[in-house]
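Quick look at query_37.json (JSON, C-alpha atoms):
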[["chain", "number", "residue", "atom", "x", "y", "z"],
["A", 1, "MET", "CA", -29.51, 26.27, -2.48],
["A", 2, "LYS", "CA", -32.51, 24.69, -4.20],
["A", 3, "LYS", "CA", -30.32, 23.80, -7.18],
["A", 4, "ILE", "CA", -27.70, 22.15, -4.96],
["A", 5, "ALA", "CA", -30.42, 20.20, -3.14],
["A", 6, "MET", "CA", -31.74, 19.00, -6.50],
["A", 7, "PHE", "CA", -28.26, 17.72, -7.43],
["A", 8, "VAL", "CA", -27.93, 15.99, -4.04],
["A", 9, "LEU", "CA", -31.30, 14.27, -4.45],
["A", 10, "LEU", "CA", -30.68, 13.23, -8.05],
["A", 11, "GLY", "CA", -27.19, 12.00, -7.20],
["A", 12, "ALA", "CA", -28.45, 10.01, -4.22],
["A", 13, "PHE", "CA", -31.38, 8.59, -6.19],
["A", 14, "GLY", "CA", -29.38, 7.73, -9.32],
["A", 15, "PHE", "CA", -26.41, 6.18, -7.59],
["A", 16, "GLY", "CA", -28.62, 4.50, -4.98],
["A", 17, "LEU", "CA", -30.70, 2.88, -7.73],
["A", 18, "GLY", "CA", -27.61, 2.08, -9.77],
["A", 19, "TRP", "CA", -25.80, 0.52, -6.85],
["A", 20, "ALA", "CA", -28.89, -1.47, -5.89],
["A", 21, "ILE", "CA", -28.98, -2.94, -9.41],
["A", 22, "GLY", "CA", -25.21, -3.36, -9.45],
["A", 23, "GLY", "CA", -25.36, -4.91, -5.98],
["A", 24, "GLY", "CA", -27.83, -7.48, -7.25],
["A", 25, "LEU", "CA", -25.42, -8.34, -10.04],
["A", 26, "LEU", "CA", -22.56, -8.43, -7.55],
["A", 27, "VAL", "CA", -24.45, -10.93, -5.40],
["A", 28, "LEU", "CA", -25.02, -12.96, -8.56],
["A", 29, "GLU", "CA", -21.24, -12.80, -9.10],
["A", 30, "GLU", "CA", -21.35, -10.50, -12.13],
["A", 31, "PRO", "CA", -19.25, -7.53, -10.88],
["A", 32, "TYR", "CA", -17.88, -6.72, -14.33],
["A", 33, "LEU", "CA", -21.47, -5.80, -15.30],
["A", 34, "GLY", "CA", -22.64, -4.40, -11.98],
["A", 35, "PHE", "CA", -19.98, -1.75, -11.48],
["A", 36, "PRO", "CA", -20.33, -0.03, -14.87],
["A", 37, "ILE", "CA", -24.14, -0.20, -14.68],
["A", 38, "SER", "CA", -24.00, 1.38, -11.22],
["A", 39, "GLY", "CA", -21.88, 4.25, -12.49],
["A", 40, "ALA", "CA", -23.92, 4.71, -15.67],
["A", 41, "ILE", "CA", -27.24, 5.11, -13.85],
["A", 42, "GLY", "CA", -25.74, 7.54, -11.35],
["A", 43, "GLY", "CA", -23.98, 9.56, -14.04],
["A", 44, "ALA", "CA", -27.14, 9.74, -16.13],
["A", 45, "SER", "CA", -29.14, 11.09, -13.19],
["A", 46, "LEU", "CA", -26.60, 13.86, -12.62],
["A", 47, "GLY", "CA", -26.51, 14.59, -16.35],
["A", 48, "LEU", "CA", -30.27, 15.09, -16.41],
["A", 49, "ALA", "CA", -29.86, 17.76, -13.74],
["A", 50, "LEU", "CA", -27.45, 19.65, -15.98],
["A", 51, "ASP", "CA", -28.46, 19.93, -19.60],
["A", 52, "GLY", "CA", -30.83, 17.10, -20.35],
["A", 53, "TRP", "CA", -30.40, 13.93, -22.36],
["A", 54, "LYS", "CA", -27.19, 14.76, -24.22],
["A", 55, "LYS", "CA", -25.27, 15.51, -21.04],
["A", 56, "ALA", "CA", -26.91, 12.52, -19.34],
["A", 57, "GLY", "CA", -25.49, 10.20, -22.00],
["A", 58, "ILE", "CA", -22.00, 11.67, -21.75],
["A", 59, "LEU", "CA", -21.94, 11.49, -17.95],
["A", 60, "ALA", "CA", -23.42, 7.98, -17.98],
["A", 61, "LEU", "CA", -20.63, 6.75, -20.25],
["A", 62, "ALA", "CA", -17.92, 8.54, -18.26],
["A", 63, "CYS", "CA", -19.18, 7.20, -14.92],
["A", 64, "ALA", "CA", -19.63, 3.69, -16.34],
["A", 65, "VAL", "CA", -15.97, 3.66, -17.36],
["A", 66, "GLY", "CA", -14.67, 5.40, -14.21],
["A", 67, "PHE", "CA", -16.63, 3.43, -11.64],
["A", 68, "GLY", "CA", -16.40, 0.18, -13.58],
["A", 69, "PHE", "CA", -12.62, 0.35, -13.84],
["A", 70, "GLY", "CA", -12.07, 1.90, -10.41],
["A", 71, "LEU", "CA", -14.13, -0.60, -8.46],
["A", 72, "LEU", "CA", -12.77, -3.63, -10.31],
["A", 73, "VAL", "CA", -9.20, -2.48, -9.66],
["A", 74, "ALA", "CA", -9.95, -1.72, -6.00],
["A", 75, "PHE", "CA", -11.65, -5.06, -5.40],
["A", 76, "PHE", "CA", -8.80, -6.88, -7.15],
["A", 77, "ILE", "CA", -6.22, -5.14, -4.98],
["A", 78, "VAL", "CA", -8.09, -5.97, -1.75],
["A", 79, "LEU", "CA", -8.95, -9.55, -2.67],
["A", 80, "ALA", "CA", -5.76, -10.62, -4.43],
["A", 81, "VAL", "CA", -2.86, -8.31, -3.64],
["A", 82, "TRP", "CA", -3.15, -6.42, -0.37],
["A", 83, "GLU", "CA", -5.17, -6.86, 2.78],
["A", 84, "PRO", "CA", -5.76, -3.45, 4.34],
["A", 85, "PRO", "CA", -5.04, -3.20, 8.05],
["A", 86, "GLY", "CA", -7.82, -2.86, 10.59],
["A", 87, "HIS", "CA", -10.69, -3.98, 8.39],
["A", 88, "VAL", "CA", -10.87, -0.86, 6.23],
["A", 89, "GLU", "CA", -11.56, -2.72, 3.00],
["A", 90, "GLY", "CA", -14.75, -0.79, 2.31],
["A", 91, "LEU", "CA", -13.02, 2.54, 2.86],
["A", 92, "PHE", "CA", -10.25, 1.64, 0.42],
["A", 93, "ILE", "CA", -12.55, 0.19, -2.24],
["A", 94, "GLY", "CA", -15.00, 3.07, -1.98],
["A", 95, "ALA", "CA", -12.29, 5.71, -2.02],
["A", 96, "VAL", "CA", -10.52, 4.27, -5.07],
["A", 97, "GLY", "CA", -13.74, 3.61, -6.98],
["A", 98, "GLY", "CA", -15.22, 6.97, -5.98],
["A", 99, "ALA", "CA", -12.04, 8.84, -6.87],
["A", 100, "LEU", "CA", -11.83, 7.32, -10.35],
["A", 101, "GLY", "CA", -15.57, 7.71, -10.87],
["A", 102, "GLY", "CA", -15.48, 11.34, -9.72],
["A", 103, "ALA", "CA", -12.43, 12.04, -11.88],
["A", 104, "SER", "CA", -14.10, 10.59, -14.97],
["A", 105, "LEU", "CA", -17.18, 12.69, -14.22],
["A", 106, "GLY", "CA", -15.04, 15.79, -13.78],
["A", 107, "LEU", "CA", -13.04, 15.28, -16.96],
["A", 108, "THR", "CA", -16.21, 15.58, -19.03],
["A", 109, "PHE", "CA", -16.29, 19.26, -18.06],
["A", 110, "ARG", "CA", -12.76, 19.86, -19.44],
["A", 111, "SER", "CA", -11.63, 21.50, -16.23],
["A", 112, "TRP", "CA", -8.86, 20.23, -13.97],
["A", 113, "ARG", "CA", -10.36, 22.17, -11.05],
["A", 114, "LYS", "CA", -13.75, 20.46, -11.46],
["A", 115, "ALA", "CA", -12.11, 17.10, -11.98],
["A", 116, "GLY", "CA", -10.06, 17.50, -8.80],
["A", 117, "PHE", "CA", -13.05, 18.65, -6.75],
["A", 118, "LEU", "CA", -15.24, 15.78, -7.99],
["A", 119, "THR", "CA", -12.40, 13.28, -7.43],
["A", 120, "LEU", "CA", -12.15, 14.39, -3.82],
["A", 121, "ALA", "CA", -15.93, 14.35, -3.33],
["A", 122, "GLY", "CA", -16.18, 10.87, -4.87],
["A", 123, "ALA", "CA", -13.33, 9.50, -2.75],
["A", 124, "LEU", "CA", -14.78, 10.94, 0.46],
["A", 125, "GLY", "CA", -18.42, 10.06, -0.18],
["A", 126, "PHE", "CA", -17.93, 6.57, -1.54],
["A", 127, "GLY", "CA", -15.07, 5.84, 0.88],
["A", 128, "ILE", "CA", -17.05, 6.72, 3.99],
["A", 129, "ALA", "CA", -20.19, 5.02, 2.71],
["A", 130, "GLY", "CA", -18.14, 2.02, 1.59],
["A", 131, "GLN", "CA", -16.77, 1.43, 5.06],
["A", 132, "VAL", "CA", -20.19, 1.74, 6.68],
["A", 133, "SER", "CA", -21.65, -0.59, 4.07],
["A", 134, "TRP", "CA", -18.75, -3.04, 4.40],
["A", 135, "ASP", "CA", -19.31, -3.18, 8.17],
["A", 136, "LEU", "CA", -23.01, -3.84, 7.54],
["A", 137, "PHE", "CA", -22.03, -6.74, 5.25],
["A", 138, "ARG", "CA", -20.54, -8.43, 8.26],
["A", 139, "SER", "CA", -23.95, -8.40, 9.97],
["A", 140, "SER", "CA", -26.15, -11.46, 10.01],
["A", 141, "ASP", "CA", -28.50, -10.65, 7.07],
["A", 142, "ALA", "CA", -26.99, -12.58, 4.17],
["A", 143, "SER", "CA", -30.07, -12.61, 1.95],
["A", 144, "MET", "CA", -30.01, -11.02, -1.47],
["A", 145, "VAL", "CA", -32.38, -8.26, -0.33],
["A", 146, "GLY", "CA", -30.13, -7.53, 2.64],
["A", 147, "ALA", "CA", -27.00, -7.43, 0.50],
["A", 148, "VAL", "CA", -28.58, -5.22, -2.16],
["A", 149, "SER", "CA", -29.92, -2.77, 0.42],
["A", 150, "LYS", "CA", -26.48, -2.51, 2.02],
["A", 151, "VAL", "CA", -24.85, -1.76, -1.33],
["A", 152, "ALA", "CA", -27.62, 0.73, -2.15],
["A", 153, "ILE", "CA", -26.64, 2.70, 0.98],
["A", 154, "TRP", "CA", -23.16, 2.96, -0.51],
["A", 155, "GLY", "CA", -24.58, 4.49, -3.68],
["A", 156, "LEU", "CA", -27.01, 6.79, -1.85],
["A", 157, "VAL", "CA", -24.35, 8.42, 0.29],
["A", 158, "GLY", "CA", -21.64, 8.53, -2.37],
["A", 159, "GLY", "CA", -24.07, 9.87, -4.96],
["A", 160, "ALA", "CA", -25.24, 12.57, -2.57],
["A", 161, "PHE", "CA", -21.61, 13.68, -2.10],
["A", 162, "LEU", "CA", -21.01, 13.81, -5.86],
["A", 163, "GLY", "CA", -24.34, 15.57, -6.41],
["A", 164, "ALA", "CA", -23.53, 18.18, -3.76],
["A", 165, "ALA", "CA", -20.10, 18.81, -5.28],
["A", 166, "LEU", "CA", -21.48, 19.10, -8.81],
["A", 167, "GLY", "CA", -24.32, 21.35, -7.66],
["A", 168, "TYR", "CA", -21.84, 23.59, -5.86],
["A", 169, "LEU", "CA", -19.64, 23.80, -8.96],
["A", 170, "GLU", "CA", -22.62, 24.64, -11.16],
["A", 171, "ARG", "CA", -23.80, 27.33, -8.77],
["A", 172, "ARG", "CA", -20.33, 28.90, -8.71],
["A", 173, "LYS", "CA", -20.23, 28.84, -12.51],
["A", 174, "LYS", "CA", -23.43, 30.85, -12.69],
["A", 175, "ASP", "CA", -22.39, 33.39, -10.04]]

So that I can check it, write out the structure of this file as structure tokens.
Amino acid sequence: MKKIAMFVLLGAFGFGLGWAIGGGLLVLEEPYLGFPISGAIGGASLGLALDGWKKAGILALACAVGFGFGLLVAFFIVLAVWEPPGHVEGLFIGAVGGALGGASLGLTFRSWRKAGFLTLAGALGFGIAGQVSWDLFRSSDASMVGAVSKVAIWGLVGGAFLGAALGYLERRKKD
């Protein structure tokens, strides 16, 4: 259980920090930089929990591509193509971005089972956190600090989900 808790903490810390930085870039209208940076920092933190620097680099690259592409596509769909019913934009964006980010993370392990499990964990964690964060965006605090902290919540919760899933998979591998 200590190992899983370490993955949860590193996932929450890495993705929280990454999404705070990415959220700052998003507020500055640079999402094409913010989304990959968010994923790279989170992936690197989970990679450090595994095998050190080599794995951190691989996971950082995979998450940069997965989250960067996934979140850009999800935001494009919501803003230009389809308006989700009932104000569930954050759920949709988080679920799509989290699913593609989790899948890219899982594919680095060359296992369809791990990829599927991490895809589900990413979709759930980032989807739920995305909706909560999206609802917070509608609140009155429109400052940059307020916006960045709201996006950081998204990363904290989603990263904790991915960290828990990866920690569970690693524990099962060793058993």

Practice prompt. Would you list the contacts of region 156-173 of chain A as an MDAnalysis selection string, taking every protein, DNA or RNA residue within 8 Å and counting only C-alpha atoms, but skipping same-chain residues closer than 3 positions in sequence?
Written response: chainID A and resid 3:17 42 46 98 102 114 117:118 121:122 124:127 129 152:153

Worksheet item: So how many Å separate CA of Gly101 (chain A) and CA of Ser38 (chain A), to one decimal?
Response: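 So the two atoms, CA of Gly101 (chain A) and CA of Ser38 (chain A), lie 10.5 Å apart.
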
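As for CA of Ile58 (chain A) and CA of Leu105 (chain A), they are spaced 9.0 Å apart.
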
Discussion item. Which residues are close to Gly23 (chain A), i.e. within 7 Å by all atoms listed in the file, leaving aside same-chain residues fewer than 3 positions away? Reply as a list in words.
Written reply: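 With the cut-off at 7 Å, the set is Trp19, Ala20, Leu26, Val27, Gly34, Val148 and Val151 of chain A.
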
Worksheet item: Just how far from CA of Trp112 (chain A) is CA of Leu71 (chain A), in Å to one decimal?
Response: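 Computing the Euclidean distance for CA of Leu71 (chain A) and CA of Trp112 (chain A) yields 22.2 Å.
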
Item to complete: List the neighbours of region 75-78 of chain A out to 8 Å using only C-alpha atoms; skip same-chain residues closer than 6 positions along the sequence, and give me the result as a list of chain:residue names.
Response: A:Pro84, A:Glu89, A:Ile93

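Closest approach to Ala95 (chain A) among A:Trp53, A:Phe67, A:Trp82, A:Tyr32: A:Phe67, based on all atoms listed in the file.
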